[in-house]
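J.: Next comes the structure file my_file.pdb, holding PDB, C-alpha atoms.
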```
MODEL        1
ATOM      1  CA  MET C  23     122.033 126.937  93.822
ATOM      2  CA  LYS C  24     125.341 125.342  93.000
ATOM      3  CA  THR C  25     126.912 125.505  89.588
ATOM      4  CA  VAL C  26     128.436 122.278  88.274
ATOM      5  CA  THR C  27     130.460 121.503  85.183
ATOM      6  CA  LEU C  28     129.589 118.320  83.340
ATOM      7  CA  LYS C  29     131.682 116.532  80.729
ATOM      8  CA  ILE C  30     129.618 114.547  78.238
ATOM      9  CA  PRO C  31     130.463 112.725  74.999
ATOM     10  CA  ASP C  32     129.701 114.503  71.707
ATOM     11  CA  SER C  33     127.113 111.883  70.784
ATOM     12  CA  LEU C  34     125.143 112.523  73.996
ATOM     13  CA  ASP C  35     125.457 116.270  73.512
ATOM     14  CA  LEU C  36     123.914 115.909  70.057
ATOM     15  CA  LYS C  37     120.938 113.962  71.434
ATOM     16  CA  ILE C  38     120.454 116.465  74.240
ATOM     17  CA  ARG C  39     120.514 119.435  71.854
ATOM     18  CA  ARG C  40     117.800 117.809  69.723
ATOM     19  CA  ILE C  41     115.582 117.275  72.785
ATOM     20  CA  LEU C  42     116.197 120.793  74.050
ATOM     21  CA  THR C  43     115.231 122.299  70.699
ATOM     22  CA  LYS C  44     112.060 120.228  70.597
ATOM     23  CA  LYS C  45     111.037 120.901  74.204
ATOM     24  CA  LYS C  46     112.269 124.490  74.305
ATOM     25  CA  GLU C  47     113.951 124.059  77.660
ATOM     26  CA  SER C  48     117.427 124.759  78.940
ATOM     27  CA  PHE C  49     120.174 122.219  79.461
ATOM     28  CA  SER C  50     120.088 123.020  83.187
ATOM     29  CA  GLU C  51     116.381 122.195  83.465
ATOM     30  CA  LEU C  52     116.804 118.884  81.686
ATOM     31  CA  ALA C  53     119.896 117.940  83.691
ATOM     32  CA  ARG C  54     118.263 118.859  86.998
ATOM     33  CA  ARG C  55     115.189 116.758  86.168
ATOM     34  CA  ALA C  56     117.311 113.769  85.150
ATOM     35  CA  LEU C  57     119.421 114.021  88.305
ATOM     36  CA  VAL C  58     116.380 114.278  90.575
ATOM     37  CA  ARG C  59     114.819 111.230  88.886
ATOM     38  CA  GLU C  60     118.032 109.258  89.321
ATOM     39  CA  ILE C  61     118.396 110.195  92.992
ATOM     40  CA  GLU C  62     114.725 109.480  93.777
ATOM     41  CA  SER C  63     114.958 106.053  92.173
ATOM     42  CA  LYS C  64     117.742 105.195  94.624
ATOM     43  CA  GLU C  65     115.969 106.510  97.709
ATOM     44  CA  VAL C  66     114.312 104.131 100.116
ATOM     45  CA  ASP C  67     110.593 104.194  99.498
ATOM     46  CA  PHE C  68     108.119 101.904 101.234
ATOM     47  CA  ALA C  69     105.679 101.642  98.319
ATOM     48  CA  ARG C  70     108.430 100.718  95.833
ATOM     49  CA  LEU C  71     110.125  98.165  98.089
ATOM     50  CA  ALA C  72     106.843  96.699  99.349
ATOM     51  CA  ALA C  73     105.276  96.409  95.881
ATOM     52  CA  PRO C  74     106.205  92.704  95.483
ATOM     53  CA  TYR C  75     104.350  91.899  98.714
ATOM     54  CA  ARG C  76     101.151  93.801  97.871
ATOM     55  CA  GLY C  77      98.196  91.415  98.143
ATOM     56  CA  MET C  78     100.552  88.460  98.596
ATOM     57  CA  PHE C  79      97.920  86.407 100.423
ATOM     58  CA  LYS C  80      94.180  86.136 100.929
ATOM     59  CA  GLY C  81      93.192  86.064 104.580
ATOM     60  CA  PRO C  82      90.120  87.028 106.595
ATOM     61  CA  SER C  83      88.506  90.233 105.359
ATOM     62  CA  ASP C  84      88.653  91.819 108.814
ATOM     63  CA  LEU C  85      92.256  90.892 109.601
ATOM     64  CA  SER C  86      93.564  94.460 109.402
ATOM     65  CA  SER C  87      90.988  95.765 111.859
ATOM     66  CA  ARG C  88      91.255  93.101 114.540
ATOM     67  CA  GLU C  89      92.405  94.014 118.002
ATOM     68  CA  GLY C  90      96.021  93.250 118.750
ATOM     69  CA  TYR C  91      97.314  91.027 121.538
ATOM     70  CA  GLY C  92      93.887  90.028 122.833
ATOM     71  CA  ASN C  93      92.824  93.527 123.841
ATOM     72  CA  LYS C  94      89.522  93.255 125.670
ATOM     73  CA  ASN C  95      88.286  96.541 124.201
ATOM     74  CA  HIS C  96      87.015  95.032 120.971
ATOM     75  CA  ARG C  97      85.953  97.384 118.232
TER      76      ARG C  97
ATOM     77  CA  MET S   9     115.969 111.121 110.041
ATOM     78  CA  GLU S  10     112.802 113.211 110.017
ATOM     79  CA  ILE S  11     109.711 111.079 110.548
ATOM     80  CA  LYS S  12     107.069 111.879 107.937
ATOM     81  CA  THR S  13     104.800 108.859 108.201
ATOM     82  CA  ILE S  14     103.903 106.679 111.160
ATOM     83  CA  VAL S  15     102.024 103.492 110.333
ATOM     84  CA  ASP S  16      99.784 101.325 112.468
ATOM     85  CA  ALA S  17      99.527  97.533 112.107
ATOM     86  CA  GLY S  18      96.208  97.671 110.214
ATOM     87  CA  PRO S  19      97.415  99.314 106.981
ATOM     88  CA  LEU S  20     100.492  97.053 106.901
ATOM     89  CA  ILE S  21      98.257  93.985 107.130
ATOM     90  CA  GLY S  22      95.852  95.545 104.634
ATOM     91  CA  TRP S  23      98.732  96.038 102.175
ATOM     92  CA  LEU S  24      99.577  92.334 102.302
ATOM     93  CA  ASN S  25      96.071  90.828 102.479
ATOM     94  CA  ALA S  26      94.354  90.939  99.082
ATOM     95  CA  ALA S  27      91.029  89.845 100.602
ATOM     96  CA  ASP S  28      91.035  92.454 103.337
ATOM     97  CA  GLN S  29      88.179  94.937 103.403
ATOM     98  CA  TRP S  30      90.784  97.691 103.731
ATOM     99  CA  HIS S  31      93.227  96.335 101.137
ATOM    100  CA  GLU S  32      92.496  98.948  98.458
ATOM    101  CA  TRP S  33      92.478 101.742 101.002
ATOM    102  CA  SER S  34      95.726 100.563 102.601
ATOM    103  CA  VAL S  35      97.464 100.318  99.231
ATOM    104  CA  ALA S  36      96.296 103.795  98.208
ATOM    105  CA  ALA S  37      97.150 105.328 101.590
ATOM    106  CA  LEU S  38     100.643 103.837 101.853
ATOM    107  CA  ALA S  39     101.508 104.271  98.179
ATOM    108  CA  ALA S  40     100.775 107.991  98.555
ATOM    109  CA  ARG S  41     103.458 108.386 101.219
ATOM    110  CA  ARG S  42     107.005 109.092 100.081
ATOM    111  CA  GLY S  43     110.063 107.558 101.689
ATOM    112  CA  PRO S  44     110.177 104.998 104.474
ATOM    113  CA  LEU S  45     107.372 104.423 106.965
ATOM    114  CA  HIS S  46     108.003 104.486 110.694
ATOM    115  CA  THR S  47     106.451 102.310 113.344
ATOM    116  CA  THR S  48     107.313 100.838 116.731
ATOM    117  CA  GLU S  49     108.472  97.368 117.675
ATOM    118  CA  ILE S  50     105.294  96.588 119.557
ATOM    119  CA  VAL S  51     103.194  97.505 116.511
ATOM    120  CA  LEU S  52     105.404  95.382 114.260
ATOM    121  CA  GLY S  53     105.000  92.535 116.759
ATOM    122  CA  GLU S  54     101.240  92.981 116.713
ATOM    123  CA  ALA S  55     101.187  92.890 112.903
ATOM    124  CA  CYS S  56     103.347  89.739 112.816
ATOM    125  CA  TRP S  57     101.105  88.140 115.416
ATOM    126  CA  GLN S  58      97.966  88.954 113.397
ATOM    127  CA  LEU S  59      99.686  87.508 110.331
ATOM    128  CA  GLY S  60     100.078  84.163 112.053
ATOM    129  CA  GLY S  61     103.516  84.366 113.638
ATOM    130  CA  ASN S  62     106.171  82.592 111.621
ATOM    131  CA  THR S  63     104.523  82.970 108.218
ATOM    132  CA  GLN S  64     105.584  84.246 104.805
ATOM    133  CA  CYS S  65     103.607  87.421 105.427
ATOM    134  CA  ALA S  66     105.310  88.085 108.744
ATOM    135  CA  HIS S  67     108.641  87.527 107.013
ATOM    136  CA  ALA S  68     107.600  90.028 104.341
ATOM    137  CA  LEU S  69     107.246  92.674 107.048
ATOM    138  CA  LEU S  70     110.587  91.708 108.563
ATOM    139  CA  ASP S  71     112.176  91.919 105.095
ATOM    140  CA  LEU S  72     110.823  95.449 104.779
ATOM    141  CA  VAL S  73     112.441  96.348 108.101
ATOM    142  CA  ARG S  74     115.717  94.868 106.881
ATOM    143  CA  LYS S  75     115.464  96.948 103.697
ATOM    144  CA  SER S  76     114.731 100.086 105.761
ATOM    145  CA  ALA S  77     111.400 100.604 103.999
ATOM    146  CA  LEU S  78     109.835 100.154 107.431
ATOM    147  CA  VAL S  79     111.862 101.849 110.138
ATOM    148  CA  LEU S  80     111.527 100.945 113.790
ATOM    149  CA  ALA S  81     111.442 104.091 115.885
ATOM    150  CA  ARG S  82     112.155 103.476 119.541
ATOM    151  CA  PRO S  83     110.257 105.819 121.842
ATOM    152  CA  TRP S  84     110.848 103.359 124.698
ATOM    153  CA  PRO S  85     112.214 103.222 127.301
ATOM    154  CA  GLU S  86     113.077 106.924 127.227
ATOM    155  CA  HIS S  87     109.487 108.061 126.709
ATOM    156  CA  LEU S  88     107.660 105.080 128.157
ATOM    157  CA  SER S  89     106.097 107.153 130.933
ATOM    158  CA  GLU S  90     104.422 109.313 128.264
ATOM    159  CA  THR S  91     103.008 106.176 126.659
ATOM    160  CA  GLN S  92     101.634 105.056 130.003
ATOM    161  CA  GLN S  93     100.083 108.467 130.588
ATOM    162  CA  VAL S  94      98.386 108.217 127.179
ATOM    163  CA  MET S  95      97.028 104.782 128.148
ATOM    164  CA  LEU S  96      95.706 106.152 131.453
ATOM    165  CA  LYS S  97      94.111 109.111 129.694
ATOM    166  CA  TYR S  98      92.614 106.939 126.922
ATOM    167  CA  PRO S  99      91.667 103.547 128.445
ATOM    168  CA  LEU S 100      90.633 102.109 125.055
ATOM    169  CA  MET S 101      94.182 102.483 123.762
ATOM    170  CA  ASP S 102      96.548  99.574 124.212
ATOM    171  CA  ALA S 103     100.322  99.907 124.517
ATOM    172  CA  ALA S 104     100.804  99.565 120.744
ATOM    173  CA  ASP S 105      98.367 102.394 119.917
ATOM    174  CA  ALA S 106      99.833 104.547 122.666
ATOM    175  CA  SER S 107     103.397 103.953 121.439
ATOM    176  CA  LEU S 108     102.368 105.517 118.113
ATOM    177  CA  VAL S 109     100.819 108.481 119.914
ATOM    178  CA  THR S 110     104.086 108.999 121.802
ATOM    179  CA  LEU S 111     105.994 108.816 118.536
ATOM    180  CA  ALA S 112     103.567 111.214 116.824
ATOM    181  CA  GLU S 113     103.848 113.733 119.651
ATOM    182  CA  ARG S 114     107.626 113.662 119.335
ATOM    183  CA  SER S 115     107.408 114.044 115.536
ATOM    184  CA  PRO S 116     104.865 116.837 115.098
ATOM    185  CA  LYS S 117     105.122 116.864 111.287
ATOM    186  CA  ALA S 118     104.370 113.152 110.994
ATOM    187  CA  VAL S 119     101.077 111.768 109.728
ATOM    188  CA  VAL S 120      99.724 108.645 111.408
ATOM    189  CA  VAL S 121      98.205 106.194 108.925
ATOM    190  CA  THR S 122      95.711 103.935 110.667
ATOM    191  CA  ILE S 123      92.438 102.118 110.069
ATOM    192  CA  ASP S 124      91.603 102.465 113.755
ATOM    193  CA  ARG S 125      89.476 105.606 113.754
ATOM    194  CA  ARG S 126      87.744 104.643 116.986
ATOM    195  CA  HIS S 127      90.885 104.840 119.072
ATOM    196  CA  PHE S 128      92.876 107.506 117.283
ATOM    197  CA  GLU S 129      90.328 110.152 116.300
ATOM    198  CA  PRO S 130      89.318 111.107 119.852
ATOM    199  CA  CYS S 131      92.955 111.130 120.963
ATOM    200  CA  ARG S 132      94.527 114.497 121.769
ATOM    201  CA  GLY S 133      97.689 112.977 123.201
ATOM    202  CA  LEU S 134      99.199 114.531 126.286
ATOM    203  CA  ARG S 135      99.415 117.998 124.766
ATOM    204  CA  ASN S 136      95.721 118.277 123.932
ATOM    205  CA  ARG S 137      96.410 118.542 120.223
ATOM    206  CA  ALA S 138      94.715 116.446 117.549
ATOM    207  CA  LEU S 139      97.051 114.044 115.807
ATOM    208  CA  LYS S 140      97.617 114.343 112.064
ATOM    209  CA  LEU S 141      95.714 111.293 110.904
ATOM    210  CA  HIS S 142      95.137 109.546 107.604
ATOM    211  CA  VAL S 143      92.142 107.305 108.244
ATOM    212  CA  PRO S 144      89.478 105.726 106.033
ATOM    213  CA  GLY S 145      86.877 108.321 105.177
ATOM    214  CA  GLY S 146      89.095 111.101 106.482
ATOM    215  CA  SER S 147      91.199 113.623 104.654
ATOM    216  CA  SER S 148      94.668 112.549 103.604
ATOM    217  CA  GLN S 149      97.359 114.770 105.118
TER     218      GLN S 149
ENDMDL
END
```
Output the structure of this file as structure tokens.

T.:
Amino acid sequence: MKTVTLKIPDSLDLKIRRILTKKKESFSELARRALVREIESKEVDFARLAAPYRGMFKGPSDLSSREGYGNKNHR
Amino acid sequence: MEIKTIVDAGPLIGWLNAADQWHEWSVAALAARRGPLHTTEIVLGEACWQLGGNTQCAHALLDLVRKSALVLARPWPEHLSETQQVMLKYPLMDAADASLVTLAERSPKAVVVTIDRRHFEPCRGLRNRALKLHVPGGSSQ
């Protein structure tokens, strides 16, 4: 693991200390979790990007299981 | 980029079509996968064709390619002979199905998400190994 130094404003430090005391966890644990969440939110993810298109139309109920390109081997 | 998930046309159509019998399954199956999904151009073409060609739904799929949520892997032409061998070995498979088998065999960690149990479950590829499948009624990998 890498060690990093982080400069934060006093006001943020105060808020963090309160949370740490309440949750009984270390600053490193909290910072790691926050960083992972931030990075993951920026990563390309099909489900997140395709969410606006989910169920965008109502077509035939068997559309997803039809043969493609006129395949003669029908299911 | 490591390929973790390969998707067939069916689940993509199922994601978009609220009235589809496999809509709920497709949403659950694809939402459970992290990162981008991979497919081939012929499968994307098949999905667009099933969605009516130049329609809003087809454009939705193309948008997802543009946003890199759906990544086009290109096993052809380099591995086209493998695809043809798969088609000769499994006559029920068309070129689109077989392109996914080629991709899956070149990405051994990848799970293939498909509704098409009939064609994919019996398939052992060219290496006589079962594919990692996520199919309706099957276990999710």

J.: Could you tell me how far atom CA of S:Pro19 sits from atom CA of S:Gly60, in Å to one decimal place?

T.: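 For atom CA of S:Gly60 relative to atom CA of S:Pro19, the distance reads 16.2 Å.
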
J.: Tell me, counting all atoms listed in the file, for each residue of chain S within 8 Å of chain C, which pair of atoms is nearest and how far apart they are in Å to one decimal, in rows ordered by chain and increasing number, as a Markdown table.

T.:
```
| residue | atom | partner | partner_atom | distance |
| --- | --- | --- | --- | --- |
| S:Ala17 | CA | C:Ser86 | CA | 7.2 |
| S:Gly18 | CA | C:Ser86 | CA | 4.2 |
| S:Pro19 | CA | C:Ser86 | CA | 6.7 |
| S:Leu20 | CA | C:Ser86 | CA | 7.8 |
| S:Ile21 | CA | C:Ser86 | CA | 5.2 |
| S:Gly22 | CA | C:Ser86 | CA | 5.4 |
| S:Trp23 | CA | C:Arg76 | CA | 5.4 |
| S:Leu24 | CA | C:Gly77 | CA | 4.5 |
| S:Asn25 | CA | C:Gly77 | CA | 4.9 |
| S:Ala26 | CA | C:Gly77 | CA | 4.0 |
| S:Ala27 | CA | C:Lys80 | CA | 4.9 |
| S:Asp28 | CA | C:Ser83 | CA | 3.9 |
| S:Gln29 | CA | C:Ser83 | CA | 5.1 |
| S:Trp30 | CA | C:Ser86 | CA | 7.1 |
| S:His31 | CA | C:Gly77 | CA | 7.6 |
| S:Val35 | CA | C:Arg76 | CA | 7.6 |
| S:Leu38 | CA | C:Ala69 | CA | 6.5 |
| S:Ala39 | CA | C:Ala69 | CA | 4.9 |
| S:Arg41 | CA | C:Ala69 | CA | 7.7 |
| S:Arg42 | CA | C:Asp67 | CA | 6.1 |
| S:Gly43 | CA | C:Asp67 | CA | 4.0 |
| S:Pro44 | CA | C:Phe68 | CA | 4.9 |
| S:Leu45 | CA | C:Phe68 | CA | 6.3 |
| S:Glu54 | CA | C:Gly90 | CA | 5.6 |
| S:Ala55 | CA | C:Gly90 | CA | 7.8 |
| S:Trp57 | CA | C:Tyr91 | CA | 7.8 |
| S:Gln58 | CA | C:Leu85 | CA | 7.1 |
| S:Cys65 | CA | C:Met78 | CA | 7.6 |
| S:Ala68 | CA | C:Tyr75 | CA | 6.8 |
| S:Leu72 | CA | C:Ala72 | CA | 6.8 |
| S:Lys75 | CA | C:Leu71 | CA | 7.8 |
| S:Ser76 | CA | C:Val66 | CA | 7.0 |
| S:Ala77 | CA | C:Phe68 | CA | 4.5 |
| S:Leu78 | CA | C:Phe68 | CA | 6.7 |
| S:Leu100 | CA | C:Asn95 | CA | 6.1 |
| S:Asp102 | CA | C:Asn93 | CA | 7.1 |
| S:Ile123 | CA | C:Ser87 | CA | 6.8 |
| S:Asp124 | CA | C:Ser87 | CA | 7.0 |
| S:Arg126 | CA | C:Arg97 | CA | 7.6 |
```

J.: Let me know the residues the PyMOL selection byres ((chain S and resi 120) around 9) catches in the file above, as a VMD selection string.

T.: chain S and resid 12 to 16 108 to 109 112 118 to 119 121 to 122 139 to 143

J.: Expressed in Å to a single decimal, how great is the separation between atom CA of S:Gln93 and atom CA of S:Gly133?

T.: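 Atom-to-atom, atom CA of S:Gln93 to atom CA of S:Gly133, that is 9.0 Å.
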
J.: Provide the atom CA of S:Glu49 to atom CA of S:Leu80 distance in Å, to one decimal place.

T.: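 Calculated distance between atom CA of S:Glu49 and atom CA of S:Leu80 is 6.1 Å.
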
J.: Return as JSON the centre and edge lengths, in Å with one decimal, of the box along x, y and z that encloses every atom of stretch 39-54 of chain C in the file, padded by 8 Å per side.

T.:
```
{"center_x": 115.8, "center_y": 121.0, "center_z": 78.4, "size_x": 25.5, "size_y": 23.5, "size_z": 33.3}
```

J.: Name the residues in contact with stretch 24-36 of chain C at a cut-off of 10 Å, using all atoms listed in the file, excluding same-chain residues fewer than 2 positions from it; report them as a PyMOL selection string.

T.: chain C and resi 38-42+49-50+53

J.: What's around S:Arg82 at 10 Å? Count all atoms listed in the file, leave out sequence neighbours fewer than 3 positions away in its own chain, and write the answer as a ChimeraX atom specification.

T.: /S:46-50,79,85-88,107,111

J.: My list of candidates is S:Leu52, S:Ala66, S:Ala40, S:Cys131. Which is closest to S:Val94 when distances are computed with only C-alpha atoms?

T.: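 Of the candidates, the smallest distance to S:Val94 is held by S:Cys131.
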
J.: Calculated over all atoms listed in the file, which of the candidates C:Thr43, C:Arg54, C:Ser48, C:Glu60 has the smallest distance to C:Met23?

T.: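 Residue with the minimum atom-to-atom distance to C:Met23: C:Arg54.
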